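Q: My structure is stored as my_file.cif, with mmCIF, C-alpha atoms and all ligand atoms; chains and numbers go by the auth columns.
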data_my_file
loop_
_atom_site.group_PDB
_atom_site.id
_atom_site.type_symbol
_atom_site.label_atom_id
_atom_site.label_comp_id
_atom_site.label_asym_id
_atom_site.label_seq_id
_atom_site.Cartn_x
_atom_site.Cartn_y
_atom_site.Cartn_z
_atom_site.B_iso_or_equiv
_atom_site.auth_seq_id
_atom_site.auth_asym_id
ATOM 1 C CA MET A 1 -0.838 -27.707 2.810 0.00 530 F
ATOM 2 C CA ILE A 2 2.649 -26.214 2.989 0.00 531 F
ATOM 3 C CA GLU A 3 5.424 -27.881 1.018 0.00 532 F
ATOM 4 C CA ILE A 4 9.030 -26.778 1.393 0.00 533 F
ATOM 5 C CA GLU A 5 11.538 -28.355 -0.966 0.00 534 F
ATOM 6 C CA ASN A 6 15.295 -28.017 -0.774 0.00 535 F
ATOM 7 C CA VAL A 7 15.195 -24.344 0.218 0.00 536 F
ATOM 8 C CA HIS A 8 18.467 -22.464 0.404 0.00 537 F
ATOM 9 C CA LYS A 9 18.890 -18.920 1.607 0.00 538 F
ATOM 10 C CA SER A 10 21.909 -16.773 2.438 0.00 539 F
ATOM 11 C CA PHE A 11 22.359 -13.276 3.778 0.00 540 F
ATOM 12 C CA GLY A 12 25.520 -12.251 1.906 0.00 541 F
ATOM 13 C CA ALA A 13 28.185 -14.801 2.796 0.00 542 F
ATOM 14 C CA LEU A 14 26.131 -16.246 5.652 0.00 543 F
ATOM 15 C CA GLN A 15 24.328 -19.413 4.602 0.00 544 F
ATOM 16 C CA VAL A 16 21.238 -19.644 6.815 0.00 545 F
ATOM 17 C CA LEU A 17 18.926 -22.218 5.197 0.00 546 F
ATOM 18 C CA LYS A 18 20.795 -25.145 3.717 0.00 547 F
ATOM 19 C CA GLY A 19 18.356 -27.371 1.900 0.00 548 F
ATOM 20 C CA ILE A 20 15.217 -27.352 4.046 0.00 549 F
ATOM 21 C CA ASP A 21 12.571 -29.999 3.257 0.00 550 F
ATOM 22 C CA LEU A 22 9.300 -29.938 5.176 0.00 551 F
ATOM 23 C CA THR A 23 5.671 -30.767 4.519 0.00 552 F
ATOM 24 C CA VAL A 24 2.846 -29.555 6.747 0.00 553 F
ATOM 25 C CA GLN A 25 -0.500 -31.282 6.236 0.00 554 F
ATOM 26 C CA LYS A 26 -3.881 -29.783 6.954 0.00 555 F
ATOM 27 C CA GLY A 27 -4.556 -29.701 10.697 0.00 556 F
ATOM 28 C CA GLU A 28 -0.973 -30.455 11.597 0.00 557 F
ATOM 29 C CA VAL A 29 0.941 -28.459 14.196 0.00 558 F
ATOM 30 C CA VAL A 30 4.687 -28.381 13.583 0.00 559 F
ATOM 31 C CA SER A 31 7.349 -26.958 15.882 0.00 560 F
ATOM 32 C CA VAL A 32 10.734 -25.907 14.561 0.00 561 F
ATOM 33 C CA ILE A 33 13.383 -26.043 17.247 0.00 562 F
ATOM 34 C CA GLY A 34 16.949 -24.775 16.989 0.00 563 F
ATOM 35 C CA GLY A 35 19.600 -22.560 18.548 0.00 564 F
ATOM 36 C CA SER A 36 19.526 -18.773 18.424 0.00 565 F
ATOM 37 C CA GLY A 37 20.565 -17.601 14.976 0.00 566 F
ATOM 38 C CA SER A 38 19.936 -20.986 13.354 0.00 567 F
ATOM 39 C CA GLY A 39 17.339 -19.637 10.912 0.00 568 F
ATOM 40 C CA LYS A 40 13.896 -20.284 12.431 0.00 569 F
ATOM 41 C CA SER A 41 12.571 -16.736 11.931 0.00 570 F
ATOM 42 C CA THR A 42 14.125 -16.645 8.468 0.00 571 F
ATOM 43 C CA LEU A 43 12.271 -19.808 7.482 0.00 572 F
ATOM 44 C CA LEU A 44 8.932 -18.349 8.613 0.00 573 F
ATOM 45 C CA THR A 45 9.444 -15.080 6.751 0.00 574 F
ATOM 46 C CA CYS A 46 10.272 -17.089 3.616 0.00 575 F
ATOM 47 C CA ILE A 47 7.001 -19.054 3.925 0.00 576 F
ATOM 48 C CA ASN A 48 4.853 -15.936 3.548 0.00 577 F
ATOM 49 C CA GLY A 49 7.167 -14.360 1.010 0.00 578 F
ATOM 50 C CA LEU A 50 8.561 -11.552 3.164 0.00 579 F
ATOM 51 C CA GLU A 51 12.044 -12.824 2.321 0.00 580 F
ATOM 52 C CA PRO A 52 13.184 -14.104 -1.062 0.00 581 F
ATOM 53 C CA ILE A 53 14.892 -17.499 -1.287 0.00 582 F
ATOM 54 C CA ASP A 54 17.977 -18.403 -3.311 0.00 583 F
ATOM 55 C CA SER A 55 16.811 -21.809 -4.543 0.00 584 F
ATOM 56 C CA GLY A 56 14.270 -24.544 -3.931 0.00 585 F
ATOM 57 C CA ARG A 57 10.537 -23.964 -3.637 0.00 586 F
ATOM 58 C CA ILE A 58 7.834 -23.216 -1.124 0.00 587 F
ATOM 59 C CA VAL A 59 4.283 -24.097 -2.145 0.00 588 F
ATOM 60 C CA VAL A 60 1.222 -23.098 -0.096 0.00 589 F
ATOM 61 C CA ASP A 61 -2.080 -24.654 -1.196 0.00 590 F
ATOM 62 C CA GLY A 62 -0.675 -25.202 -4.665 0.00 591 F
ATOM 63 C CA THR A 63 0.690 -21.655 -5.053 0.00 592 F
ATOM 64 C CA GLU A 64 4.437 -21.278 -5.389 0.00 593 F
ATOM 65 C CA VAL A 65 5.256 -18.428 -3.000 0.00 594 F
ATOM 66 C CA HIS A 66 8.294 -17.085 -4.826 0.00 595 F
ATOM 67 C CA ALA A 67 7.013 -17.459 -8.389 0.00 596 F
ATOM 68 C CA ARG A 68 7.076 -14.207 -10.351 0.00 597 F
ATOM 69 C CA ASP A 69 3.331 -14.123 -10.972 0.00 598 F
ATOM 70 C CA THR A 70 2.217 -14.974 -7.417 0.00 599 F
ATOM 71 C CA ASP A 71 -0.098 -12.412 -5.816 0.00 600 F
ATOM 72 C CA LEU A 72 1.600 -12.164 -2.427 0.00 601 F
ATOM 73 C CA ASN A 73 -1.089 -9.965 -0.881 0.00 602 F
ATOM 74 C CA LYS A 74 -3.683 -12.573 -1.729 0.00 603 F
ATOM 75 C CA LEU A 75 -1.505 -15.380 -0.383 0.00 604 F
ATOM 76 C CA ARG A 76 -0.778 -13.512 2.855 0.00 605 F
ATOM 77 C CA ARG A 77 -4.491 -13.142 3.553 0.00 606 F
ATOM 78 C CA LYS A 78 -4.482 -16.821 4.435 0.00 607 F
ATOM 79 C CA ILE A 79 -1.128 -16.978 6.209 0.00 608 F
ATOM 80 C CA GLY A 80 -1.082 -15.139 9.539 0.00 609 F
ATOM 81 C CA ILE A 81 2.235 -14.457 11.229 0.00 610 F
ATOM 82 C CA VAL A 82 2.953 -13.549 14.831 0.00 611 F
ATOM 83 C CA PHE A 83 6.370 -11.933 14.706 0.00 612 F
ATOM 84 C CA GLN A 84 9.038 -12.570 17.308 0.00 613 F
ATOM 85 C CA GLN A 85 9.103 -8.823 18.076 0.00 614 F
ATOM 86 C CA PHE A 86 5.286 -8.638 17.673 0.00 615 F
ATOM 87 C CA ASN A 87 5.574 -5.553 15.387 0.00 616 F
ATOM 88 C CA ALA A 88 2.678 -3.600 16.873 0.00 617 F
ATOM 89 C CA PHE A 89 1.979 -0.179 15.368 0.00 618 F
ATOM 90 C CA PRO A 90 2.962 2.129 18.258 0.00 619 F
ATOM 91 C CA HIS A 91 0.687 5.010 17.183 0.00 620 F
ATOM 92 C CA LEU A 92 -2.438 2.809 17.091 0.00 621 F
ATOM 93 C CA THR A 93 -4.413 1.500 20.052 0.00 622 F
ATOM 94 C CA VAL A 94 -4.749 -2.223 20.687 0.00 623 F
ATOM 95 C CA LEU A 95 -8.170 -2.226 19.017 0.00 624 F
ATOM 96 C CA GLU A 96 -6.873 -0.281 16.011 0.00 625 F
ATOM 97 C CA ASN A 97 -3.904 -2.639 15.658 0.00 626 F
ATOM 98 C CA VAL A 98 -6.278 -5.595 15.410 0.00 627 F
ATOM 99 C CA THR A 99 -8.835 -3.984 13.061 0.00 628 F
ATOM 100 C CA LEU A 100 -6.248 -2.572 10.642 0.00 629 F
ATOM 101 C CA ALA A 101 -5.708 -5.608 8.405 0.00 630 F
ATOM 102 C CA PRO A 102 -9.353 -6.722 8.267 0.00 631 F
ATOM 103 C CA ARG A 103 -10.292 -3.177 7.207 0.00 632 F
ATOM 104 C CA LYS A 104 -7.406 -2.389 4.844 0.00 633 F
ATOM 105 C CA VAL A 105 -6.714 -5.815 3.406 0.00 634 F
ATOM 106 C CA LYS A 106 -10.150 -7.419 3.521 0.00 635 F
ATOM 107 C CA GLY A 107 -12.099 -4.184 3.068 0.00 636 F
ATOM 108 C CA MET A 108 -14.265 -4.917 6.094 0.00 637 F
ATOM 109 C CA GLY A 109 -16.410 -2.152 7.578 0.00 638 F
ATOM 110 C CA ARG A 110 -15.408 -0.597 10.906 0.00 639 F
ATOM 111 C CA LYS A 111 -18.282 -2.117 12.863 0.00 640 F
ATOM 112 C CA GLU A 112 -17.727 -5.692 11.703 0.00 641 F
ATOM 113 C CA ALA A 113 -13.945 -5.394 12.086 0.00 642 F
ATOM 114 C CA GLU A 114 -14.348 -4.074 15.630 0.00 643 F
ATOM 115 C CA GLU A 115 -16.739 -6.864 16.570 0.00 644 F
ATOM 116 C CA ILE A 116 -14.250 -9.470 15.418 0.00 645 F
ATOM 117 C CA ALA A 117 -11.358 -7.656 17.084 0.00 646 F
ATOM 118 C CA VAL A 118 -13.154 -7.405 20.426 0.00 647 F
ATOM 119 C CA GLN A 119 -14.024 -11.089 20.209 0.00 648 F
ATOM 120 C CA GLN A 120 -10.418 -12.113 19.505 0.00 649 F
ATOM 121 C CA LEU A 121 -8.966 -9.734 22.093 0.00 650 F
ATOM 122 C CA SER A 122 -11.405 -11.090 24.684 0.00 651 F
ATOM 123 C CA HIS A 123 -10.304 -14.599 23.769 0.00 652 F
ATOM 124 C CA VAL A 124 -6.705 -13.750 24.689 0.00 653 F
ATOM 125 C CA GLY A 125 -7.686 -11.867 27.871 0.00 654 F
ATOM 126 C CA LEU A 126 -7.229 -8.300 26.636 0.00 655 F
ATOM 127 C CA ALA A 127 -10.828 -7.062 26.688 0.00 656 F
ATOM 128 C CA ASP A 128 -9.831 -4.347 29.182 0.00 657 F
ATOM 129 C CA LYS A 129 -6.979 -3.014 27.019 0.00 658 F
ATOM 130 C CA LEU A 130 -8.793 -2.041 23.836 0.00 659 F
ATOM 131 C CA ASP A 131 -7.963 1.668 23.981 0.00 660 F
ATOM 132 C CA VAL A 132 -4.449 1.328 25.318 0.00 661 F
ATOM 133 C CA TYR A 133 -1.310 1.895 23.205 0.00 662 F
ATOM 134 C CA PRO A 134 1.024 -1.095 22.796 0.00 663 F
ATOM 135 C CA SER A 135 3.855 0.570 24.745 0.00 664 F
ATOM 136 C CA ARG A 136 1.642 0.303 27.839 0.00 665 F
ATOM 137 C CA LEU A 137 1.316 -3.467 27.504 0.00 666 F
ATOM 138 C CA SER A 138 3.562 -6.062 29.091 0.00 667 F
ATOM 139 C CA GLY A 139 5.590 -8.306 26.796 0.00 668 F
ATOM 140 C CA GLY A 140 3.139 -11.171 27.147 0.00 669 F
ATOM 141 C CA GLN A 141 0.195 -8.853 26.549 0.00 670 F
ATOM 142 C CA GLN A 142 1.858 -7.534 23.376 0.00 671 F
ATOM 143 C CA GLN A 143 2.330 -11.083 22.222 0.00 672 F
ATOM 144 C CA ARG A 144 -1.328 -11.880 22.873 0.00 673 F
ATOM 145 C CA MET A 145 -2.362 -8.757 20.977 0.00 674 F
ATOM 146 C CA ALA A 146 -0.264 -9.958 18.055 0.00 675 F
ATOM 147 C CA ILE A 147 -2.003 -13.356 18.245 0.00 676 F
ATOM 148 C CA ALA A 148 -5.440 -11.675 18.249 0.00 677 F
ATOM 149 C CA ARG A 149 -4.338 -9.604 15.275 0.00 678 F
ATOM 150 C CA ALA A 150 -3.393 -12.716 13.334 0.00 679 F
ATOM 151 C CA LEU A 151 -6.614 -14.535 14.305 0.00 680 F
ATOM 152 C CA ALA A 152 -8.794 -11.559 13.298 0.00 681 F
ATOM 153 C CA MET A 153 -7.952 -12.307 9.660 0.00 682 F
ATOM 154 C CA SER A 154 -9.273 -15.901 9.954 0.00 683 F
ATOM 155 C CA PRO A 155 -6.140 -17.271 8.318 0.00 684 F
ATOM 156 C CA ASP A 156 -5.817 -20.866 7.135 0.00 685 F
ATOM 157 C CA TYR A 157 -2.290 -21.013 8.584 0.00 686 F
ATOM 158 C CA ILE A 158 -0.590 -19.202 11.429 0.00 687 F
ATOM 159 C CA LEU A 159 3.181 -18.931 11.722 0.00 688 F
ATOM 160 C CA PHE A 160 4.143 -18.324 15.348 0.00 689 F
ATOM 161 C CA ASP A 161 7.675 -17.045 15.772 0.00 690 F
ATOM 162 C CA GLU A 162 8.389 -18.162 19.346 0.00 691 F
ATOM 163 C CA VAL A 163 5.032 -19.510 20.407 0.00 692 F
ATOM 164 C CA THR A 164 3.585 -18.482 23.765 0.00 693 F
HETATM 165 N N1 LIG B . 17.885 -9.358 7.258 0.00 701 J
HETATM 166 C C1 LIG B . 19.020 -9.975 7.599 0.00 701 J
HETATM 167 N N2 LIG B . 20.195 -9.592 7.071 0.00 701 J
HETATM 168 C C2 LIG B . 21.343 -10.215 7.379 0.00 701 J
HETATM 169 N N3 LIG B . 21.428 -11.263 8.222 0.00 701 J
HETATM 170 C C3 LIG B . 20.297 -11.691 8.781 0.00 701 J
HETATM 171 C C4 LIG B . 19.035 -11.079 8.509 0.00 701 J
HETATM 172 N N4 LIG B . 18.072 -11.725 9.211 0.00 701 J
HETATM 173 C C5 LIG B . 18.712 -12.694 9.880 0.00 701 J
HETATM 174 N N5 LIG B . 20.036 -12.688 9.637 0.00 701 J
HETATM 175 C C6 LIG B . 21.025 -13.640 10.165 0.00 701 J
HETATM 176 O O1 LIG B . 20.571 -14.947 9.806 0.00 701 J
HETATM 177 C C7 LIG B . 20.785 -15.862 10.874 0.00 701 J
HETATM 178 C C8 LIG B . 19.461 -16.514 11.227 0.00 701 J
HETATM 179 O O2 LIG B . 18.621 -15.562 11.850 0.00 701 J
HETATM 180 P P1 LIG B . 17.167 -15.915 12.381 0.00 701 J
HETATM 181 O O3 LIG B . 16.582 -14.646 12.848 0.00 701 J
HETATM 182 O O4 LIG B . 16.456 -16.663 11.318 0.00 701 J
HETATM 183 O O5 LIG B . 17.505 -16.897 13.590 0.00 701 J
HETATM 184 P P2 LIG B . 16.551 -17.594 14.649 0.00 701 J
HETATM 185 O O6 LIG B . 16.749 -19.069 14.537 0.00 701 J
HETATM 186 O O7 LIG B . 15.170 -17.080 14.474 0.00 701 J
HETATM 187 O O8 LIG B . 17.175 -17.086 16.019 0.00 701 J
HETATM 188 P P3 LIG B . 16.469 -16.729 17.448 0.00 701 J
HETATM 189 O O9 LIG B . 16.208 -18.035 18.134 0.00 701 J
HETATM 190 O O10 LIG B . 17.516 -15.917 18.128 0.00 701 J
HETATM 191 O O11 LIG B . 15.228 -15.946 17.134 0.00 701 J
HETATM 192 C C9 LIG B . 21.416 -15.068 12.009 0.00 701 J
HETATM 193 O O12 LIG B . 22.820 -15.273 11.957 0.00 701 J
HETATM 194 C C10 LIG B . 21.100 -13.614 11.682 0.00 701 J
HETATM 195 O O13 LIG B . 22.098 -12.747 12.127 0.00 701 J
HETATM 196 MG MG MG B . 13.938 -15.959 15.666 0.00 702 J
#
As structure tokens - that is how I would like this structure written.
A:
Amino acid sequence: MIEIENVHKSFGALQVLKGIDLTVQKGEVVSVIGGSGSGKSTLLTCINGLEPIDSGRIVVDGTEVHARDTDLNKLRRKIGIVFQQFNAFPHLTVLENVTLAPRKVKGMGRKEAEEIAVQQLSHVGLADKLDVYPSRLSGGQQQRMAIARALAMSPDYILFDEVT
């Protein structure tokens, strides 16, 4: 469960999040809708601790994200994020992009990581693009690769920044 309580966040003088309260229950799908620049991406990056917050709290499965003693790497293993700009590694193939986190973060062997990656990439219709570099993919294909990359970690939560 994700609990967001009275979260405030500014970038310098610009106040972006002004007291956000939100609870997401297990199995729930929540959409956040708002104008460009209103703070949607900022909220998502706060949930997995990529951005600090100024006040309030965000609790994921009982762990306070911004507490000093929180192991963010451990927390992020269960929170996948599909970035608005997809953030593919340009020097890695599609397959390598998807196997990277399972191998580096979960310590999975190459064979197992590749099996999972091929399965997830097939799911999103990219089975024929395994050895291609991201710059050769269309925008939608890059987005689907980013989704496969998030799914390959079997996260408990996925944050989609601009869902397909
Ligand atoms: N790292 C940063 N440093 C300074 N300002 C930032 C930073 N990231 C975002 N902002 C500002 O915070 C505000 C919210 O940005 P954010 O990216 O969260 O908006 P958004 O709702 O996701 O917009 P869009 O729909 O265009 O993706 C914007 O005014 C943006 O310029
Ligand atoms: Mg955004």
Q: Within 8 Å of ligand MG 702 (chain J), counting all atoms listed in the file, which protein or nucleic acid residues do you find, written as an MDAnalysis selection string?
A: chainID F and resid 565:566 568:571 613 690:691
Q: To check your reading of the model: which residues sit at most 12 Å from ligand LIG 701 (chain J) when counting only C-alpha atoms and all ligand atoms? Write the answer as a PyMOL selection string.
A: chain F and resi 538-547+561-575+579-581+612-614+689-692
Q: I'd like the interatomic distance between CA of Gly548 (chain F) and CA of Val588 (chain F), to a tenth of an Å.
A: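 Separation of CA of Gly548 (chain F) and CA of Val588 (chain F): 15.0 Å.
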Q: Here's a test: counting only C-alpha atoms, identify every protein, DNA and RNA residue with an atom at most 12 Å from (-5.4, -12.5, -0.1) in the file's coordinate frame, and state them as a list in words.
A: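 Residues found, by chain and rising number: Asn577, Thr599, Asp600, Leu601, Asn602, Lys603, Leu604, Arg605, Arg606, Lys607, Ile608, Gly609, Ala630, Pro631, Lys633, Val634, Lys635, Gly636, Met682, Ser683, Pro684 and Asp685 of chain F.
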Q: Give me the result of the PyMOL selection byres (((chain F and resi 552) around 6) and not hetatm) on this file, residue by residue, as a PyMOL selection string.
A: chain F and resi 531-532+551+553
